[in-house]
Amino acid sequence: MKIYRLHKKQNLPISIDTAWDFLSDPKNLKTITPDYMGFNILSGADRPMFAGQIIQYIVTPVLGIKTKWVTEITHSIDKKYFVDEQRFGPYALWHHKHFIKAIDGGVEMEDIIDYKVPFGFIGRLVHPFIVKPKLEEIFNYRTKKLEELFGTYQK
């Protein structure tokens, strides 16, 4: 059983309050997800984030195939971190930790995603050619979109 990890950090020139307010609002996921993914929230985004919250989405990650994705916010500490875990969806395992902390002149945002691809050997075989590049592309899009929204961090 191979578990992969994607680790990203980004600094933004905003306050921790602004960062938390944006990141902890599930409706903002659509803003930072590429349009081609057809991201659509079905339910669960009607209130601010809380531990135990179930959010249902439709996404189209590959080949135009619509996929239902259900995540649960399992942990949340105000203005520090939250964790979302897939309950149903395209991965055999999805555990995404979001950390934010104040730094000089802004905030540091850190994402740590531990995930397992489905389909055993075949999934592991296509991981470096399809899954990993797609995740990198999505998080690179998020980086650019957040800079468009909030500016580029200058130390």
# chains A, B, ... in the order shown; residues from 1 in each chain; ligands from 1

call {"tool": "select_by_dssp", "arguments": {"residues": "region 67-110 of chain A", "states": "strand (DSSP E or B)", "output": "VMD selection string"}}
result
chain A and resid 67 to 77 81 to 88 93 to 103 106 to 110

call {"tool": "closest_atom_pairs", "arguments": {"of": "region 52-80 of chain A", "to": "region 89-106 of chain A", "cutoff": "9 Å", "atoms": "only C-alpha atoms", "output": "JSON lines"}}
result
{"residue": "A:Pro61", "atom": "CA", "partner": "A:Pro90", "partner_atom": "CA", "distance": 8.9}
{"residue": "A:Thr67", "atom": "CA", "partner": "A:Gly89", "partner_atom": "CA", "distance": 6.9}
{"residue": "A:Lys68", "atom": "CA", "partner": "A:Gly89", "partner_atom": "CA", "distance": 5.9}
{"residue": "A:Trp69", "atom": "CA", "partner": "A:Gly89", "partner_atom": "CA", "distance": 4.3}
{"residue": "A:Val70", "atom": "CA", "partner": "A:Gly89", "partner_atom": "CA", "distance": 6.2}
{"residue": "A:Thr71", "atom": "CA", "partner": "A:Gly89", "partner_atom": "CA", "distance": 8.4}
{"residue": "A:Lys79", "atom": "CA", "partner": "A:Ile100", "partner_atom": "CA", "distance": 6.8}
{"residue": "A:Lys80", "atom": "CA", "partner": "A:Ile100", "partner_atom": "CA", "distance": 5.3}

call {"tool": "residues_around", "arguments": {"residues": "Lys2 (chain A)", "least_positions_apart": "2", "cutoff": "9 Å", "atoms": "only C-alpha atoms", "output": "list in words"}}
result
Tyr4, Tyr115, Lys116, Val117, Gly120 and Arg124 of chain A

call {"tool": "write_last_selection", "arguments": {"atoms": "all heavy atoms", "output": "compact mmCIF listing (two decimals), in the first residue's frame"}}
result
# COMPACT_ATOMS: atom_id res chain seq x y z
N TYR A 4 1.10 8.48 -1.00
CA TYR A 4 1.87 9.58 -1.56
C TYR A 4 1.63 10.84 -0.74
O TYR A 4 0.64 10.95 -0.02
CB TYR A 4 1.44 9.84 -3.02
CG TYR A 4 1.64 8.64 -3.91
CD1 TYR A 4 0.58 7.77 -4.17
CD2 TYR A 4 2.88 8.36 -4.47
CE1 TYR A 4 0.76 6.66 -4.98
CE2 TYR A 4 3.07 7.26 -5.28
CZ TYR A 4 2.00 6.41 -5.53
OH TYR A 4 2.18 5.31 -6.33
N TYR A 115 -2.26 10.91 0.29
CA TYR A 115 -3.29 10.29 -0.53
C TYR A 115 -2.82 8.95 -1.07
O TYR A 115 -1.62 8.68 -1.17
CB TYR A 115 -3.71 11.22 -1.67
CG TYR A 115 -2.62 11.52 -2.68
CD1 TYR A 115 -2.56 10.81 -3.89
CD2 TYR A 115 -1.67 12.51 -2.44
CE1 TYR A 115 -1.56 11.08 -4.82
CE2 TYR A 115 -0.68 12.78 -3.37
CZ TYR A 115 -0.63 12.07 -4.55
OH TYR A 115 0.36 12.33 -5.47
N LYS A 116 -3.80 8.13 -1.39
CA LYS A 116 -3.56 6.82 -1.98
C LYS A 116 -4.44 6.73 -3.22
O LYS A 116 -5.61 7.09 -3.17
CB LYS A 116 -3.91 5.72 -0.99
CG LYS A 116 -3.64 4.32 -1.49
CD LYS A 116 -3.93 3.31 -0.38
CE LYS A 116 -3.58 1.92 -0.84
NZ LYS A 116 -4.68 1.19 -1.39
N VAL A 117 -3.87 6.27 -4.31
CA VAL A 117 -4.64 6.13 -5.54
C VAL A 117 -5.36 4.79 -5.53
O VAL A 117 -4.90 3.83 -4.92
CB VAL A 117 -3.76 6.27 -6.80
CG1 VAL A 117 -3.21 7.69 -6.91
CG2 VAL A 117 -2.63 5.27 -6.81
N GLY A 120 -4.98 -0.33 -7.14
CA GLY A 120 -3.78 -1.12 -6.86
C GLY A 120 -2.60 -0.82 -7.76
O GLY A 120 -2.20 0.33 -7.94
N ARG A 124 -0.92 2.76 -9.13
CA ARG A 124 0.47 3.15 -8.85
C ARG A 124 1.25 3.37 -10.15
O ARG A 124 2.11 4.22 -10.22
CB ARG A 124 1.16 2.10 -7.98
CG ARG A 124 0.64 2.08 -6.55
CD ARG A 124 1.48 1.23 -5.62
NE ARG A 124 1.64 -0.15 -6.06
CZ ARG A 124 0.77 -1.13 -5.84
NH1 ARG A 124 -0.34 -0.88 -5.19
NH2 ARG A 124 1.02 -2.37 -6.25

call {"tool": "residues_around", "arguments": {"residues": "Ile138 (chain A)", "least_positions_apart": "5", "cutoff": "9 Å", "atoms": "only C-alpha atoms", "output": "CSV table (one decimal) with N, CA and C atoms, in the first residue's frame"}}
result
chain,number,residue,atom,x,y,z
A,32,ILE,N,-10.7,28.9,-6.3
A,32,ILE,CA,-9.3,28.5,-6.4
A,32,ILE,C,-9.1,27.2,-7.1
A,33,THR,N,-10.2,26.7,-7.8
A,33,THR,CA,-10.1,25.4,-8.5
A,33,THR,C,-10.2,25.8,-10.0
A,34,PRO,N,-9.4,25.2,-10.9
A,34,PRO,CA,-9.5,25.4,-12.3
A,34,PRO,C,-10.9,25.2,-12.8
A,133,PRO,N,0.9,14.7,-11.7
A,133,PRO,CA,0.9,16.0,-12.5
A,133,PRO,C,-0.4,16.8,-12.4
A,143,THR,N,-2.0,28.6,-6.3
A,143,THR,CA,-1.0,29.5,-5.9
A,143,THR,C,-1.2,30.8,-6.7

call {"tool": "closest_residue", "arguments": {"among": "A:Leu63, A:Phe121, A:Gln10, A:Asn28", "to": "Lys134 (chain A)", "atoms": "only C-alpha atoms"}}
result
A:Leu63

call {"tool": "atom_distance", "arguments": {"atom1": "CA of Ile65 (chain A)", "atom2": "CA of Asn140 (chain A)"}}
result
21.9 Å

call {"tool": "residues_around", "arguments": {"residues": "Ile73 (chain A)", "least_positions_apart": "3", "cutoff": "7 Å", "atoms": "only C-alpha atoms", "output": "ChimeraX atom specification"}}
result
/A:50-54,83-85

call {"tool": "atom_distance", "arguments": {"atom1": "CA of Leu12 (chain A)", "atom2": "CA of Phe139 (chain A)"}}
result
14.9 Å

call {"tool": "residues_around", "arguments": {"residues": "Asp25 (chain A)", "least_positions_apart": "6", "cutoff": "10 Å", "atoms": "only C-alpha atoms", "output": "mmCIF file with N, CA and C atoms, in the first residue's frame"}}
result
data_model
loop_
_atom_site.group_PDB
_atom_site.id
_atom_site.type_symbol
_atom_site.label_atom_id
_atom_site.label_comp_id
_atom_site.auth_asym_id
_atom_site.auth_seq_id
_atom_site.Cartn_x
_atom_site.Cartn_y
_atom_site.Cartn_z
ATOM 1 N N ALA A 45 -21.994 23.689 2.415
ATOM 2 C CA ALA A 45 -21.203 24.923 2.445
ATOM 3 C C ALA A 45 -22.042 26.108 2.908
ATOM 4 N N ASP A 46 -23.108 25.841 3.624
ATOM 5 C CA ASP A 46 -24.043 26.895 4.009
ATOM 6 C C ASP A 46 -23.699 27.572 5.335
ATOM 7 N N ARG A 47 -22.595 27.182 5.955
ATOM 8 C CA ARG A 47 -22.170 27.822 7.205
ATOM 9 C C ARG A 47 -20.656 27.767 7.313
ATOM 10 N N PRO A 48 -20.076 28.593 8.182
ATOM 11 C CA PRO A 48 -18.614 28.566 8.337
ATOM 12 C C PRO A 48 -18.136 27.166 8.756
ATOM 13 N N MET A 49 -16.900 26.892 8.446
ATOM 14 C CA MET A 49 -16.327 25.579 8.696
ATOM 15 C C MET A 49 -16.369 25.178 10.166
#

call {"tool": "atom_distance", "arguments": {"atom1": "CA of Asp114 (chain A)", "atom2": "CA of Leu29 (chain A)"}}
result
18.9 Å

call {"tool": "closest_residue", "arguments": {"among": "A:Gly44, A:Met37, A:Pro128, A:Glu72", "to": "Thr60 (chain A)", "atoms": "only C-alpha atoms"}}
result
A:Met37

call {"tool": "select_by_dssp", "arguments": {"residues": "region 30-129 of chain A", "states": "alpha helix (DSSP H)", "output": "list in words"}}
result
Gly120, Phe121, Ile122, Gly123, Arg124, Leu125 and Val126 of chain A

call {"tool": "closest_residue", "arguments": {"among": "A:Ile122, A:Ile55, A:Leu23, A:Val62", "to": "Gly38 (chain A)", "atoms": "only C-alpha atoms"}}
result
A:Val62

call {"tool": "residues_around", "arguments": {"residues": "Leu42 (chain A)", "least_positions_apart": "2", "cutoff": "7 Å", "atoms": "only C-alpha atoms", "output": "ChimeraX atom specification"}}
result
/A:40,56-57

call {"tool": "decode", "arguments": {"residues": "region 136-149 of chain A", "atoms": "all heavy atoms", "output": "mmCIF file, in the first residue's frame"}}
result
data_model
loop_
_atom_site.group_PDB
_atom_site.id
_atom_site.type_symbol
_atom_site.label_atom_id
_atom_site.label_comp_id
_atom_site.auth_asym_id
_atom_site.auth_seq_id
_atom_site.Cartn_x
_atom_site.Cartn_y
_atom_site.Cartn_z
ATOM 1 N N GLU A 136 -0.375 18.540 -8.990
ATOM 2 C CA GLU A 136 0.573 19.658 -9.070
ATOM 3 C C GLU A 136 -0.056 20.824 -9.843
ATOM 4 O O GLU A 136 0.050 21.976 -9.431
ATOM 5 C CB GLU A 136 1.875 19.215 -9.752
ATOM 6 C CG GLU A 136 2.715 18.276 -8.934
ATOM 7 C CD GLU A 136 3.508 18.942 -7.822
ATOM 8 O OE1 GLU A 136 3.571 20.191 -7.780
ATOM 9 O OE2 GLU A 136 4.060 18.209 -6.988
ATOM 10 N N GLU A 137 -0.717 20.514 -10.941
ATOM 11 C CA GLU A 137 -1.365 21.538 -11.764
ATOM 12 C C GLU A 137 -2.442 22.281 -10.968
ATOM 13 O O GLU A 137 -2.537 23.511 -11.011
ATOM 14 C CB GLU A 137 -1.971 20.863 -12.993
ATOM 15 C CG GLU A 137 -2.715 21.787 -13.917
ATOM 16 C CD GLU A 137 -3.368 21.002 -15.055
ATOM 17 O OE1 GLU A 137 -2.664 20.221 -15.723
ATOM 18 O OE2 GLU A 137 -4.584 21.170 -15.251
ATOM 19 N N ILE A 138 -3.252 21.548 -10.234
ATOM 20 C CA ILE A 138 -4.332 22.150 -9.439
ATOM 21 C C ILE A 138 -3.758 23.073 -8.364
ATOM 22 O O ILE A 138 -4.221 24.202 -8.178
ATOM 23 C CB ILE A 138 -5.228 21.060 -8.827
ATOM 24 C CG1 ILE A 138 -6.022 20.359 -9.931
ATOM 25 C CG2 ILE A 138 -6.158 21.642 -7.760
ATOM 26 C CD1 ILE A 138 -6.656 19.040 -9.498
ATOM 27 N N PHE A 139 -2.721 22.612 -7.661
ATOM 28 C CA PHE A 139 -2.157 23.440 -6.593
ATOM 29 C C PHE A 139 -1.341 24.603 -7.146
ATOM 30 O O PHE A 139 -1.283 25.667 -6.526
ATOM 31 C CB PHE A 139 -1.388 22.573 -5.585
ATOM 32 C CG PHE A 139 -2.311 21.950 -4.587
ATOM 33 C CD1 PHE A 139 -2.940 20.748 -4.858
ATOM 34 C CD2 PHE A 139 -2.608 22.593 -3.399
ATOM 35 C CE1 PHE A 139 -3.833 20.187 -3.965
ATOM 36 C CE2 PHE A 139 -3.495 22.053 -2.487
ATOM 37 C CZ PHE A 139 -4.112 20.846 -2.769
ATOM 38 N N ASN A 140 -0.739 24.446 -8.311
ATOM 39 C CA ASN A 140 -0.077 25.588 -8.956
ATOM 40 C C ASN A 140 -1.107 26.636 -9.370
ATOM 41 O O ASN A 140 -0.872 27.844 -9.246
ATOM 42 C CB ASN A 140 0.741 25.132 -10.161
ATOM 43 C CG ASN A 140 1.976 24.356 -9.746
ATOM 44 O OD1 ASN A 140 2.440 24.460 -8.602
ATOM 45 N ND2 ASN A 140 2.514 23.566 -10.656
ATOM 46 N N TYR A 141 -2.268 26.187 -9.836
ATOM 47 C CA TYR A 141 -3.357 27.108 -10.167
ATOM 48 C C TYR A 141 -3.788 27.868 -8.912
ATOM 49 O O TYR A 141 -3.989 29.083 -8.949
ATOM 50 C CB TYR A 141 -4.544 26.332 -10.756
ATOM 51 C CG TYR A 141 -5.726 27.214 -11.078
ATOM 52 C CD1 TYR A 141 -5.828 27.827 -12.318
ATOM 53 C CD2 TYR A 141 -6.731 27.439 -10.135
ATOM 54 C CE1 TYR A 141 -6.911 28.654 -12.623
ATOM 55 C CE2 TYR A 141 -7.812 28.267 -10.429
ATOM 56 C CZ TYR A 141 -7.894 28.863 -11.665
ATOM 57 O OH TYR A 141 -8.962 29.678 -11.951
ATOM 58 N N ARG A 142 -3.929 27.153 -7.801
ATOM 59 C CA ARG A 142 -4.319 27.801 -6.537
ATOM 60 C C ARG A 142 -3.314 28.874 -6.134
ATOM 61 O O ARG A 142 -3.693 29.962 -5.702
ATOM 62 C CB ARG A 142 -4.463 26.767 -5.419
ATOM 63 C CG ARG A 142 -5.678 25.931 -5.575
ATOM 64 C CD ARG A 142 -5.854 24.962 -4.443
ATOM 65 N NE ARG A 142 -7.086 24.224 -4.684
ATOM 66 C CZ ARG A 142 -7.656 23.419 -3.835
ATOM 67 N NH1 ARG A 142 -7.102 23.212 -2.655
ATOM 68 N NH2 ARG A 142 -8.775 22.799 -4.124
ATOM 69 N N THR A 143 -2.040 28.555 -6.273
ATOM 70 C CA THR A 143 -0.994 29.523 -5.933
ATOM 71 C C THR A 143 -1.173 30.804 -6.750
ATOM 72 O O THR A 143 -1.187 31.907 -6.197
ATOM 73 C CB THR A 143 0.401 28.914 -6.187
ATOM 74 O OG1 THR A 143 0.572 27.789 -5.316
ATOM 75 C CG2 THR A 143 1.506 29.924 -5.942
ATOM 76 N N LYS A 144 -1.323 30.646 -8.057
ATOM 77 C CA LYS A 144 -1.490 31.807 -8.932
ATOM 78 C C LYS A 144 -2.777 32.567 -8.617
ATOM 79 O O LYS A 144 -2.797 33.793 -8.574
ATOM 80 C CB LYS A 144 -1.480 31.361 -10.392
ATOM 81 C CG LYS A 144 -0.104 30.982 -10.902
ATOM 82 C CD LYS A 144 -0.110 30.393 -12.294
ATOM 83 C CE LYS A 144 -0.792 31.288 -13.282
ATOM 84 N NZ LYS A 144 -0.802 30.731 -14.656
ATOM 85 N N LYS A 145 -3.861 31.847 -8.395
ATOM 86 C CA LYS A 145 -5.157 32.487 -8.131
ATOM 87 C C LYS A 145 -5.108 33.272 -6.816
ATOM 88 O O LYS A 145 -5.618 34.400 -6.737
ATOM 89 C CB LYS A 145 -6.262 31.428 -8.104
ATOM 90 C CG LYS A 145 -7.630 32.002 -8.143
ATOM 91 C CD LYS A 145 -7.882 32.696 -9.469
ATOM 92 C CE LYS A 145 -9.291 33.170 -9.562
ATOM 93 N NZ LYS A 145 -9.538 33.907 -10.792
ATOM 94 N N LEU A 146 -4.511 32.697 -5.786
ATOM 95 C CA LEU A 146 -4.406 33.398 -4.504
ATOM 96 C C LEU A 146 -3.547 34.656 -4.630
ATOM 97 O O LEU A 146 -3.848 35.680 -4.017
ATOM 98 C CB LEU A 146 -3.871 32.455 -3.423
ATOM 99 C CG LEU A 146 -4.868 31.392 -2.962
ATOM 100 C CD1 LEU A 146 -4.170 30.310 -2.148
ATOM 101 C CD2 LEU A 146 -6.017 32.011 -2.167
ATOM 102 N N GLU A 147 -2.500 34.594 -5.454
ATOM 103 C CA GLU A 147 -1.691 35.799 -5.687
ATOM 104 C C GLU A 147 -2.490 36.848 -6.457
ATOM 105 O O GLU A 147 -2.362 38.039 -6.184
ATOM 106 C CB GLU A 147 -0.405 35.446 -6.429
ATOM 107 C CG GLU A 147 0.605 34.777 -5.530
ATOM 108 C CD GLU A 147 1.914 34.459 -6.225
ATOM 109 O OE1 GLU A 147 2.025 34.640 -7.463
ATOM 110 O OE2 GLU A 147 2.840 34.019 -5.524
ATOM 111 N N GLU A 148 -3.309 36.409 -7.413
ATOM 112 C CA GLU A 148 -4.173 37.365 -8.131
ATOM 113 C C GLU A 148 -5.137 38.050 -7.163
ATOM 114 O O GLU A 148 -5.387 39.246 -7.261
ATOM 115 C CB GLU A 148 -4.998 36.633 -9.200
ATOM 116 C CG GLU A 148 -4.248 36.265 -10.443
ATOM 117 C CD GLU A 148 -5.124 35.461 -11.398
ATOM 118 O OE1 GLU A 148 -6.373 35.544 -11.315
ATOM 119 O OE2 GLU A 148 -4.551 34.728 -12.228
ATOM 120 N N LEU A 149 -5.684 37.282 -6.234
ATOM 121 C CA LEU A 149 -6.671 37.818 -5.298
ATOM 122 C C LEU A 149 -6.048 38.705 -4.210
ATOM 123 O O LEU A 149 -6.636 39.712 -3.821
ATOM 124 C CB LEU A 149 -7.429 36.672 -4.624
ATOM 125 C CG LEU A 149 -8.357 35.847 -5.520
ATOM 126 C CD1 LEU A 149 -8.819 34.583 -4.794
ATOM 127 C CD2 LEU A 149 -9.550 36.679 -5.945
#
